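Participant: Next up is a structure, given as structure tokens.
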Amino acid sequence: MRMIPPRFAAMLIMFTALAVSAPARASDFDVQAYVEKYRLADSSLNGGAGYALLKDSGNLAWGESYVLNDYYMLWSVTKDPCWIDKMMQHIDMMLSTMAHREELKAARTFSDKEIEDLAKAIAGRASLVSLENKDANGYLVWPAEYPGWASPDYSTAAARLIESKSQQCTVTIDPPLIKDLGRAKQVTGHDYHLVFYEGPFYAIGDYTADTMLVKWKEYRPGEAINDIPGFSLKVEWTPKAQDEFVVRTIAQRPLQFVVHDGAIIYPMARFIEAVKSSPELQGRFGSKAESYLKVITGTVPRKWEPSWTEFPETSSGSYRFLESPAELYPGSLLPLNQNNAMGRALLVLSSPSLGASALLADKAKKIARYFKNYLLTQGTGWYWNYGGVNFAAHENHPEDAGHAITDVGFAIEAYHRGVEFTREDMVRFAKTLLDTMWNGSLDSPQFGGYINNKGGDGWNNPYFGRHWIELCEFDPAVWDACSAWFKTRGEPVSYIPSLLYAQDIYRRTWKKTAASSPARGHNGGK
């Protein structure tokens, strides 16, 4: 089965839309009708498999996790166990790719025994992998060996001179470390042999592929040699015939990421919690839930413990990037949204119904405090930077609307579990959306692309509304603004689960006034 890449599939779902109509009230969205519209679109996304067949952690974190959360929200609204069943099918397939490190060719079902055996094998293998071993180039070995989902798409590439034979000529590599991800993707990981001849001319052989990259090319003194993919070679002094150099290139390495793990295991943890909290679901899905929990607790806490950092003076904590030259920001504290992605998962994993791990609960609380410490008042709302204040300086810009869905979702999850955030804090998040980001119109609603600017249609992707719309629990005007955006954008199907989930929140929270209150909105609802 041919997979639809996530970046195109999101666009496909977005444009699988309904006719545009006027902004609606909460009671106008018929649950059954909209669930069926979503069900139809979901069945066409890679044959109903979503992105669960893929092994790259980026595709799973920024594609499949949304699908799983969609299913969870639809189950929460409808209580139809078919959505829990869909979650189970997808999680089973993801565990298969984790265990076997290869993508499934097509969707399939797994028995309880198959998943139980996979869980035991995964947890057992994790306990045997050293987290300290490095290869000859100083790269950590475990990201490629440890059970988990990995991606090479966010790592550096490098090169170094390993042999040099010349009387006076020197060769330097520019740059020796590539952090530009587009350029890094060009790097092959091969060894290249550069030889100069009279003339002057040069040739480059690819030792690894046993081919000639450049057979006979004129060398112009002072000019860089740009034939090795991804790198330039700078030659100083005039080379002589038979001068030789060997350049070793290091391609992007598969890395595992805290943020990817957090995004992926969050809906898995919600599945486990839902099953363990329901006798009806426990009978049907209990065995799978136990296996999933064994995989998570047997792999995730151990591998990230070395990158955990605590700040005793504020009783807070954060994860760091790995200390590896493959990392773009080795050893740096994670940006807030990446830390919060794991914090959101830990909040659920430390639920009493899951065994209430004191260690995980403590980390979740410290991540919540870490995030809250970086919140600044901005009028009636909040302001925060993408990277707090400790991340790379060039990334200390205001948080954007897309990454902020993780921040907002984390705060909502923490509030509901009595961790750090108060209702007053949550009202400020709602006001961030309403008073700072929204243009105040219900007829043509727009939201800023960052948490400190207004309008401009920053929500250029329907995923950006997720979690933001759940803030209707703390201010009913959020519902009016976000549901109006849904209607005026052609009702993107990928937004339906979030919409119905928020509608349920809205009705439960404001049911006494929902039917009688006038249309809310800034500037008279215009």
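In the structure tokens, each chain is lettered A, B, ... as it comes, each chain's residues begin at 1, and ligands are numbered from 1 in order of appearance.
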Could you tell me, as JSON, numbers by chain, which residues of stretch 235-423 of chain A DSSP assigns to alpha helix (DSSP H) when given the backbone?
Facilitator: {"A": [258, 259, 260, 261, 262, 263, 264, 265, 266, 267, 268, 269, 270, 271, 272, 273, 274, 275, 276, 279, 280, 281, 282, 283, 284, 285, 286, 287, 288, 289, 290, 291, 292, 293, 294, 295, 296, 297, 298, 299, 300, 301, 302, 303, 304, 336, 337, 338, 339, 340, 341, 342, 343, 344, 345, 346, 347, 348, 349, 358, 359, 360, 361, 362, 363, 364, 365, 366, 367, 368, 369, 370, 371, 372, 373, 404, 405, 406, 407, 408, 409, 410, 411, 412, 413, 414, 415, 416, 423]}
Participant: Taking only stretch 248-492 of chain A into account, list the residues labelled strand (DSSP E) by DSSP (computed from the backbone), as a ChimeraX atom specification.
Facilitator: /A:248-250,308-311,316-319,376-378,381-383
Participant: Got a sec: who's within 8 Å of stretch 219-227 of chain A, counting only C-alpha atoms, leaving out chain neighbours fewer than 3 positions off, as a JSON list (two decimals) with all heavy atoms, in the first residue's frame?
Facilitator:
[["chain", "number", "residue", "atom", "x", "y", "z"],
["A", 200, "PRO", "N", 47.26, 21.78, -13.26],
["A", 200, "PRO", "CA", 46.92, 20.73, -12.29],
["A", 200, "PRO", "C", 45.49, 20.21, -12.53],
["A", 200, "PRO", "O", 44.60, 20.96, -12.91],
["A", 200, "PRO", "CB", 47.04, 21.44, -10.95],
["A", 200, "PRO", "CG", 46.64, 22.86, -11.26],
["A", 200, "PRO", "CD", 47.06, 23.14, -12.67],
["A", 201, "PHE", "N", 45.32, 18.93, -12.28],
["A", 201, "PHE", "CA", 44.01, 18.29, -12.35],
["A", 201, "PHE", "C", 43.81, 17.46, -11.08],
["A", 201, "PHE", "O", 44.77, 17.19, -10.34],
["A", 201, "PHE", "CB", 43.91, 17.38, -13.58],
["A", 201, "PHE", "CG", 43.94, 18.13, -14.88],
["A", 201, "PHE", "CD1", 45.15, 18.37, -15.53],
["A", 201, "PHE", "CD2", 42.77, 18.59, -15.47],
["A", 201, "PHE", "CE1", 45.18, 19.07, -16.74],
["A", 201, "PHE", "CE2", 42.80, 19.27, -16.66],
["A", 201, "PHE", "CZ", 44.01, 19.52, -17.30],
["A", 202, "TYR", "N", 42.58, 17.06, -10.86],
["A", 202, "TYR", "CA", 42.33, 16.19, -9.70],
["A", 202, "TYR", "C", 41.24, 15.18, -10.03],
["A", 202, "TYR", "O", 40.46, 15.36, -10.97],
["A", 202, "TYR", "CB", 41.96, 17.00, -8.45],
["A", 202, "TYR", "CG", 40.61, 17.70, -8.50],
["A", 202, "TYR", "CD1", 39.45, 17.08, -8.04],
["A", 202, "TYR", "CD2", 40.50, 19.01, -9.00],
["A", 202, "TYR", "CE1", 38.22, 17.73, -8.08],
["A", 202, "TYR", "CE2", 39.29, 19.67, -9.05],
["A", 202, "TYR", "CZ", 38.15, 19.02, -8.58],
["A", 202, "TYR", "OH", 36.94, 19.67, -8.62],
["A", 213, "LEU", "N", 33.94, 9.48, -8.45],
["A", 213, "LEU", "CA", 33.04, 10.62, -8.36],
["A", 213, "LEU", "C", 33.45, 11.68, -9.38],
["A", 213, "LEU", "O", 32.61, 12.26, -10.07],
["A", 213, "LEU", "CB", 33.07, 11.20, -6.94],
["A", 213, "LEU", "CG", 32.11, 12.36, -6.65],
["A", 213, "LEU", "CD1", 30.67, 11.87, -6.72],
["A", 213, "LEU", "CD2", 32.41, 12.95, -5.28],
["A", 214, "VAL", "N", 34.76, 11.94, -9.47],
["A", 214, "VAL", "CA", 35.32, 12.88, -10.46],
["A", 214, "VAL", "C", 36.51, 12.19, -11.11],
["A", 214, "VAL", "O", 37.47, 11.82, -10.42],
["A", 214, "VAL", "CB", 35.79, 14.20, -9.77],
["A", 214, "VAL", "CG1", 36.46, 15.10, -10.80],
["A", 214, "VAL", "CG2", 34.62, 14.90, -9.11],
["A", 231, "PHE", "N", 29.73, 19.11, 1.16],
["A", 231, "PHE", "CA", 30.92, 19.77, 1.70],
["A", 231, "PHE", "C", 31.73, 20.48, 0.62],
["A", 231, "PHE", "O", 31.72, 20.10, -0.55],
["A", 231, "PHE", "CB", 31.83, 18.75, 2.40],
["A", 231, "PHE", "CG", 31.20, 18.11, 3.59],
["A", 231, "PHE", "CD1", 30.59, 16.87, 3.48],
["A", 231, "PHE", "CD2", 31.18, 18.74, 4.82],
["A", 231, "PHE", "CE1", 30.00, 16.27, 4.57],
["A", 231, "PHE", "CE2", 30.58, 18.16, 5.92],
["A", 231, "PHE", "CZ", 30.00, 16.92, 5.80],
["A", 232, "SER", "N", 32.45, 21.50, 1.06],
["A", 232, "SER", "CA", 33.44, 22.17, 0.23],
["A", 232, "SER", "C", 34.81, 21.90, 0.83],
["A", 232, "SER", "O", 34.97, 21.85, 2.06],
["A", 232, "SER", "CB", 33.19, 23.68, 0.19],
["A", 232, "SER", "OG", 32.01, 24.00, -0.50],
["A", 233, "LEU", "N", 35.80, 21.74, -0.04],
["A", 233, "LEU", "CA", 37.18, 21.56, 0.40],
["A", 233, "LEU", "C", 37.99, 22.78, 0.02],
["A", 233, "LEU", "O", 37.98, 23.20, -1.14],
["A", 233, "LEU", "CB", 37.80, 20.31, -0.23],
["A", 233, "LEU", "CG", 37.06, 18.98, -0.01],
["A", 233, "LEU", "CD1", 37.85, 17.84, -0.67],
["A", 233, "LEU", "CD2", 36.86, 18.71, 1.47],
["A", 234, "LYS", "N", 38.64, 23.38, 0.99],
["A", 234, "LYS", "CA", 39.49, 24.52, 0.74],
["A", 234, "LYS", "C", 40.94, 24.07, 0.72],
["A", 234, "LYS", "O", 41.42, 23.41, 1.65],
["A", 234, "LYS", "CB", 39.29, 25.59, 1.82],
["A", 234, "LYS", "CG", 37.91, 26.24, 1.79],
["A", 234, "LYS", "CD", 37.80, 27.35, 2.82],
["A", 234, "LYS", "CE", 36.45, 28.05, 2.73],
["A", 234, "LYS", "NZ", 36.32, 29.14, 3.75],
["A", 235, "VAL", "N", 41.63, 24.40, -0.38],
["A", 235, "VAL", "CA", 43.01, 23.96, -0.57],
["A", 235, "VAL", "C", 43.94, 25.16, -0.38],
["A", 235, "VAL", "O", 43.76, 26.20, -1.02],
["A", 235, "VAL", "CB", 43.21, 23.36, -1.97],
["A", 235, "VAL", "CG1", 44.64, 22.86, -2.14],
["A", 235, "VAL", "CG2", 42.22, 22.22, -2.20],
["A", 236, "GLU", "N", 44.90, 25.02, 0.50],
["A", 236, "GLU", "CA", 45.90, 26.07, 0.74],
["A", 236, "GLU", "C", 47.25, 25.61, 0.21],
["A", 236, "GLU", "O", 47.65, 24.47, 0.40],
["A", 236, "GLU", "CB", 45.98, 26.38, 2.22],
["A", 236, "GLU", "CG", 44.68, 26.94, 2.80],
["A", 236, "GLU", "CD", 44.82, 27.32, 4.25],
["A", 236, "GLU", "OE1", 45.97, 27.42, 4.73],
["A", 236, "GLU", "OE2", 43.79, 27.50, 4.92],
["A", 238, "THR", "N", 49.80, 25.44, -3.30],
["A", 238, "THR", "CA", 49.58, 24.76, -4.59],
["A", 238, "THR", "C", 49.83, 23.27, -4.45],
["A", 238, "THR", "O", 50.91, 22.85, -4.01],
["A", 238, "THR", "CB", 50.51, 25.33, -5.68],
["A", 238, "THR", "OG1", 50.29, 26.73, -5.78],
["A", 238, "THR", "CG2", 50.23, 24.66, -7.02]]
Participant: Please identify all polymer residues within 8 Å of A:Gln256, counting only C-alpha atoms, omitting same-chain residues fewer than 4 positions from it, and present them as a list in words.
Facilitator: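 The residues satisfying every condition are Ser57, Pro143, Gly148, Trp149, Ala150, Ser151, His260 and Asp261 of chain A.
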Participant: Do a neighbour search on A:Val246 at 8 Å with only C-alpha atoms, toss out local chain neighbours closer than 4 positions, and write the hits as a ChimeraX atom specification.
Facilitator: /A:161-164,191-194
Participant: Would you mind reading off the distance between atom CA of A:Ser498 and atom CA of A:Phe421, one decimal, in Å?
Facilitator: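 These two atoms are separated by 22.1 Å.
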Participant: Could you pull the residues within 10 Å of stretch 364-366 of chain A, counting only C-alpha atoms, minus those fewer than 2 positions along the same chain, as a count of residues only?
Facilitator: 34
Participant: Using only C-alpha atoms, find each residue in stretch 52-99 of chain A having at least one atom no more than 12 Å away from stretch 454-470 of chain A; report its shortest atom-to-atom pair and that distance in Å (one decimal), rows by chain then rising number, as a tab-separated table.
Facilitator:
residue	atom	partner	partner_atom	distance
A:Trp62	CA	A:Tyr463	CA	9.9
A:Gly63	CA	A:Tyr463	CA	10.2
A:Ser65	CA	A:Tyr463	CA	11.6
A:Tyr66	CA	A:Tyr463	CA	8.3
A:Val67	CA	A:Tyr463	CA	10.8
A:Asn69	CA	A:Arg466	CA	10.0
A:Asp70	CA	A:Arg466	CA	10.0
A:Met73	CA	A:Arg466	CA	11.1
Participant: Can those selected residues be exported to a file as an mmCIF file, in the first residue's frame so that it contains N, CA and C atoms?
Facilitator:
data_model
loop_
_atom_site.group_PDB
_atom_site.id
_atom_site.type_symbol
_atom_site.label_atom_id
_atom_site.label_comp_id
_atom_site.auth_asym_id
_atom_site.auth_seq_id
_atom_site.Cartn_x
_atom_site.Cartn_y
_atom_site.Cartn_z
ATOM 1 N N TRP A 62 4.228 13.771 14.513
ATOM 2 C CA TRP A 62 3.508 14.902 13.907
ATOM 3 C C TRP A 62 2.445 14.455 12.902
ATOM 4 N N GLY A 63 2.181 13.155 12.871
ATOM 5 C CA GLY A 63 1.111 12.634 12.028
ATOM 6 C C GLY A 63 0.223 11.682 12.808
ATOM 7 N N SER A 65 0.246 10.726 15.966
ATOM 8 C CA SER A 65 -0.245 11.121 17.289
ATOM 9 C C SER A 65 -1.530 11.929 17.180
ATOM 10 N N TYR A 66 -1.654 12.737 16.120
ATOM 11 C CA TYR A 66 -2.887 13.496 15.915
ATOM 12 C C TYR A 66 -4.058 12.553 15.614
ATOM 13 N N VAL A 67 -3.779 11.524 14.815
ATOM 14 C CA VAL A 67 -4.826 10.556 14.485
ATOM 15 C C VAL A 67 -5.297 9.846 15.750
ATOM 16 N N ASN A 69 -5.078 10.868 18.839
ATOM 17 C CA ASN A 69 -5.816 11.808 19.686
ATOM 18 C C ASN A 69 -7.211 12.075 19.126
ATOM 19 N N ASP A 70 -7.335 12.084 17.792
ATOM 20 C CA ASP A 70 -8.667 12.206 17.175
ATOM 21 C C ASP A 70 -9.576 11.073 17.647
ATOM 22 N N MET A 73 -10.642 11.501 21.238
ATOM 23 C CA MET A 73 -11.657 12.536 21.426
ATOM 24 C C MET A 73 -13.025 12.057 20.948
#
Participant: Pick from A:Ser155, A:Asn133, A:Asn337, A:Ser291: nearest to A:Lys113, with only C-alpha atoms counted?
Facilitator: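 Of A:Ser155, A:Asn133, A:Asn337, A:Ser291, the one nearest A:Lys113, counting only C-alpha atoms, is A:Ser291.
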Participant: Could I get the residues of stretch 85-147 of chain A with an atom no further than 12 Å from an atom of stretch 296-300 of chain A, each paired with its nearest atom pair and that distance in Å to one decimal, using only C-alpha atoms, sorted by chain and residue number, as JSON lines?
Facilitator:
{"residue": "A:Ile91", "atom": "CA", "partner": "A:Ile296", "partner_atom": "CA", "distance": 11.9}
{"residue": "A:Leu95", "atom": "CA", "partner": "A:Ile296", "partner_atom": "CA", "distance": 10.5}
{"residue": "A:Met98", "atom": "CA", "partner": "A:Thr299", "partner_atom": "CA", "distance": 11.2}
{"residue": "A:Ala99", "atom": "CA", "partner": "A:Thr299", "partner_atom": "CA", "distance": 11.9}
{"residue": "A:Ala119", "atom": "CA", "partner": "A:Gly298", "partner_atom": "CA", "distance": 8.8}
{"residue": "A:Lys120", "atom": "CA", "partner": "A:Gly298", "partner_atom": "CA", "distance": 9.0}
{"residue": "A:Ala121", "atom": "CA", "partner": "A:Gly298", "partner_atom": "CA", "distance": 10.4}
{"residue": "A:Ile122", "atom": "CA", "partner": "A:Thr299", "partner_atom": "CA", "distance": 7.8}
{"residue": "A:Ala123", "atom": "CA", "partner": "A:Gly298", "partner_atom": "CA", "distance": 4.9}
{"residue": "A:Gly124", "atom": "CA", "partner": "A:Gly298", "partner_atom": "CA", "distance": 8.0}
{"residue": "A:Arg125", "atom": "CA", "partner": "A:Thr299", "partner_atom": "CA", "distance": 9.1}
{"residue": "A:Ala126", "atom": "CA", "partner": "A:Thr299", "partner_atom": "CA", "distance": 6.0}
{"residue": "A:Ser127", "atom": "CA", "partner": "A:Gly298", "partner_atom": "CA", "distance": 7.9}
{"residue": "A:Leu128", "atom": "CA", "partner": "A:Thr299", "partner_atom": "CA", "distance": 11.0}
{"residue": "A:Val129", "atom": "CA", "partner": "A:Thr299", "partner_atom": "CA", "distance": 10.5}
{"residue": "A:Leu131", "atom": "CA", "partner": "A:Thr299", "partner_atom": "CA", "distance": 11.9}
{"residue": "A:Tyr146", "atom": "CA", "partner": "A:Thr299", "partner_atom": "CA", "distance": 8.3}
{"residue": "A:Pro147", "atom": "CA", "partner": "A:Thr299", "partner_atom": "CA", "distance": 7.0}
Participant: Restricting the output to C-alpha atoms, write the selected residues as an mmCIF file, in the first residue's frame.
Facilitator:
data_model
loop_
_atom_site.group_PDB
_atom_site.id
_atom_site.type_symbol
_atom_site.label_atom_id
_atom_site.label_comp_id
_atom_site.auth_asym_id
_atom_site.auth_seq_id
_atom_site.Cartn_x
_atom_site.Cartn_y
_atom_site.Cartn_z
ATOM 1 C CA ILE A 91 -0.788 1.257 18.494
ATOM 2 C CA LEU A 95 4.795 -1.427 18.375
ATOM 3 C CA MET A 98 9.419 -0.418 17.095
ATOM 4 C CA ALA A 99 10.219 -4.075 17.671
ATOM 5 C CA ALA A 119 6.230 -5.958 24.813
ATOM 6 C CA LYS A 120 8.407 -8.466 26.676
ATOM 7 C CA ALA A 121 10.987 -8.486 23.883
ATOM 8 C CA ILE A 122 11.102 -4.681 23.672
ATOM 9 C CA ALA A 123 11.471 -4.154 27.429
ATOM 10 C CA GLY A 124 14.030 -6.949 27.662
ATOM 11 C CA ARG A 125 16.154 -5.567 24.843
ATOM 12 C CA ALA A 126 16.067 -2.073 26.352
ATOM 13 C CA SER A 127 17.537 -3.309 29.628
ATOM 14 C CA LEU A 128 20.605 -4.681 27.810
ATOM 15 C CA VAL A 129 21.567 -1.561 25.845
ATOM 16 C CA LEU A 131 23.452 4.398 27.274
ATOM 17 C CA TYR A 146 17.680 1.193 21.943
ATOM 18 C CA PRO A 147 14.046 0.162 21.358
#
Participant: Grab the atom CA of A:Ser278 to atom CA of A:Lys79 distance for me, in Å with one decimal place.
Facilitator: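 Spanning atom CA of A:Ser278 to atom CA of A:Lys79 is a straight-line distance of 11.0 Å.
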Participant: Contacts of A:Leu433 at 9 Å or less, counting only C-alpha atoms, minus same-chain residues fewer than 5 places along, as a ChimeraX atom specification?
Facilitator: /A:381,428,438,447-448,451,454,468,471,478
Participant: Grab the residues selected above and save them as a PDB file, in the first residue's frame with all heavy atoms.
Facilitator:
ATOM      1  N   GLY A 381      -3.553  38.261  29.073  1.00  0.00           N
ATOM      2  CA  GLY A 381      -3.120  36.894  28.792  1.00  0.00           C
ATOM      3  C   GLY A 381      -1.694  36.625  29.194  1.00  0.00           C
ATOM      4  O   GLY A 381      -1.105  37.311  30.039  1.00  0.00           O
ATOM      5  N   ARG A 428      -6.208  33.011  31.725  1.00  0.00           N
ATOM      6  CA  ARG A 428      -5.202  33.828  31.025  1.00  0.00           C
ATOM      7  C   ARG A 428      -4.802  33.211  29.683  1.00  0.00           C
ATOM      8  O   ARG A 428      -4.547  33.929  28.723  1.00  0.00           O
ATOM      9  CB  ARG A 428      -3.967  34.035  31.900  1.00  0.00           C
ATOM     10  CG  ARG A 428      -4.115  35.166  32.908  1.00  0.00           C
ATOM     11  CD  ARG A 428      -2.760  35.588  33.475  1.00  0.00           C
ATOM     12  NE  ARG A 428      -2.896  36.783  34.270  1.00  0.00           N
ATOM     13  CZ  ARG A 428      -2.845  38.027  33.781  1.00  0.00           C
ATOM     14  NH1 ARG A 428      -2.664  38.198  32.475  1.00  0.00           N
ATOM     15  NH2 ARG A 428      -2.953  39.059  34.574  1.00  0.00           N
ATOM     16  N   TRP A 438      -6.815  36.814  18.428  1.00  0.00           N
ATOM     17  CA  TRP A 438      -8.038  36.842  17.611  1.00  0.00           C
ATOM     18  C   TRP A 438      -8.324  38.257  17.147  1.00  0.00           C
ATOM     19  O   TRP A 438      -8.154  39.223  17.895  1.00  0.00           O
ATOM     20  CB  TRP A 438      -9.199  36.308  18.445  1.00  0.00           C
ATOM     21  CG  TRP A 438     -10.539  36.252  17.767  1.00  0.00           C
ATOM     22  CD1 TRP A 438     -10.801  35.976  16.460  1.00  0.00           C
ATOM     23  CD2 TRP A 438     -11.808  36.467  18.383  1.00  0.00           C
ATOM     24  NE1 TRP A 438     -12.150  36.000  16.212  1.00  0.00           N
ATOM     25  CE2 TRP A 438     -12.800  36.302  17.386  1.00  0.00           C
ATOM     26  CE3 TRP A 438     -12.211  36.785  19.680  1.00  0.00           C
ATOM     27  CZ2 TRP A 438     -14.155  36.451  17.644  1.00  0.00           C
ATOM     28  CZ3 TRP A 438     -13.556  36.918  19.948  1.00  0.00           C
ATOM     29  CH2 TRP A 438     -14.531  36.757  18.934  1.00  0.00           C
ATOM     30  N   PHE A 447      -6.656  34.413  13.398  1.00  0.00           N
ATOM     31  CA  PHE A 447      -5.840  34.300  14.603  1.00  0.00           C
ATOM     32  C   PHE A 447      -4.379  34.532  14.233  1.00  0.00           C
ATOM     33  O   PHE A 447      -3.907  34.078  13.195  1.00  0.00           O
ATOM     34  CB  PHE A 447      -5.992  32.921  15.245  1.00  0.00           C
ATOM     35  CG  PHE A 447      -7.384  32.623  15.715  1.00  0.00           C
ATOM     36  CD1 PHE A 447      -8.291  31.968  14.894  1.00  0.00           C
ATOM     37  CD2 PHE A 447      -7.795  33.014  16.977  1.00  0.00           C
ATOM     38  CE1 PHE A 447      -9.576  31.690  15.328  1.00  0.00           C
ATOM     39  CE2 PHE A 447      -9.082  32.740  17.421  1.00  0.00           C
ATOM     40  CZ  PHE A 447      -9.972  32.088  16.601  1.00  0.00           C
ATOM     41  N   GLY A 448      -3.673  35.219  15.113  1.00  0.00           N
ATOM     42  CA  GLY A 448      -2.269  35.493  14.869  1.00  0.00           C
ATOM     43  C   GLY A 448      -1.435  34.230  14.819  1.00  0.00           C
ATOM     44  O   GLY A 448      -1.749  33.220  15.454  1.00  0.00           O
ATOM     45  N   ILE A 451       1.843  34.021  19.640  1.00  0.00           N
ATOM     46  CA  ILE A 451       1.008  34.298  20.802  1.00  0.00           C
ATOM     47  C   ILE A 451       1.004  35.778  21.180  1.00  0.00           C
ATOM     48  O   ILE A 451       0.322  36.160  22.129  1.00  0.00           O
ATOM     49  CB  ILE A 451       1.422  33.425  22.007  1.00  0.00           C
ATOM     50  CG1 ILE A 451       2.912  33.530  22.307  1.00  0.00           C
ATOM     51  CG2 ILE A 451       1.054  31.978  21.737  1.00  0.00           C
ATOM     52  CD1 ILE A 451       3.287  34.477  23.369  1.00  0.00           C
ATOM     53  N   LYS A 454      -2.024  39.719  16.528  1.00  0.00           N
ATOM     54  CA  LYS A 454      -3.451  39.600  16.271  1.00  0.00           C
ATOM     55  C   LYS A 454      -3.733  39.351  14.797  1.00  0.00           C
ATOM     56  O   LYS A 454      -3.125  39.959  13.922  1.00  0.00           O
ATOM     57  CB  LYS A 454      -4.164  40.886  16.719  1.00  0.00           C
ATOM     58  CG  LYS A 454      -5.695  40.802  16.679  1.00  0.00           C
ATOM     59  CD  LYS A 454      -6.315  42.113  17.118  1.00  0.00           C
ATOM     60  CE  LYS A 454      -6.066  42.426  18.566  1.00  0.00           C
ATOM     61  NZ  LYS A 454      -6.754  41.477  19.486  1.00  0.00           N
ATOM     62  N   TRP A 468      -6.281  24.686  21.609  1.00  0.00           N
ATOM     63  CA  TRP A 468      -6.731  26.075  21.777  1.00  0.00           C
ATOM     64  C   TRP A 468      -8.246  26.109  21.996  1.00  0.00           C
ATOM     65  O   TRP A 468      -8.746  26.805  22.875  1.00  0.00           O
ATOM     66  CB  TRP A 468      -6.379  26.912  20.540  1.00  0.00           C
ATOM     67  CG  TRP A 468      -4.969  27.370  20.430  1.00  0.00           C
ATOM     68  CD1 TRP A 468      -4.051  26.976  19.491  1.00  0.00           C
ATOM     69  CD2 TRP A 468      -4.285  28.341  21.241  1.00  0.00           C
ATOM     70  NE1 TRP A 468      -2.851  27.631  19.668  1.00  0.00           N
ATOM     71  CE2 TRP A 468      -2.975  28.478  20.724  1.00  0.00           C
ATOM     72  CE3 TRP A 468      -4.653  29.104  22.345  1.00  0.00           C
ATOM     73  CZ2 TRP A 468      -2.026  29.349  21.293  1.00  0.00           C
ATOM     74  CZ3 TRP A 468      -3.716  29.969  22.913  1.00  0.00           C
ATOM     75  CH2 TRP A 468      -2.432  30.077  22.385  1.00  0.00           C
ATOM     76  N   LEU A 471      -9.945  25.609  25.380  1.00  0.00           N
ATOM     77  CA  LEU A 471      -9.964  26.706  26.354  1.00  0.00           C
ATOM     78  C   LEU A 471     -11.358  27.307  26.501  1.00  0.00           C
ATOM     79  O   LEU A 471     -11.567  28.188  27.338  1.00  0.00           O
ATOM     80  CB  LEU A 471      -8.964  27.789  25.952  1.00  0.00           C
ATOM     81  CG  LEU A 471      -7.486  27.375  26.021  1.00  0.00           C
ATOM     82  CD1 LEU A 471      -6.603  28.463  25.423  1.00  0.00           C
ATOM     83  CD2 LEU A 471      -7.068  27.077  27.462  1.00  0.00           C
ATOM     84  N   VAL A 478     -14.264  31.599  23.523  1.00  0.00           N
ATOM     85  CA  VAL A 478     -13.335  30.776  22.750  1.00  0.00           C
ATOM     86  C   VAL A 478     -14.115  29.865  21.810  1.00  0.00           C
ATOM     87  O   VAL A 478     -13.721  29.669  20.652  1.00  0.00           O
ATOM     88  CB  VAL A 478     -12.435  29.945  23.691  1.00  0.00           C
ATOM     89  CG1 VAL A 478     -11.636  28.910  22.899  1.00  0.00           C
ATOM     90  CG2 VAL A 478     -11.496  30.849  24.471  1.00  0.00           C
TER      91      VAL A 478
END
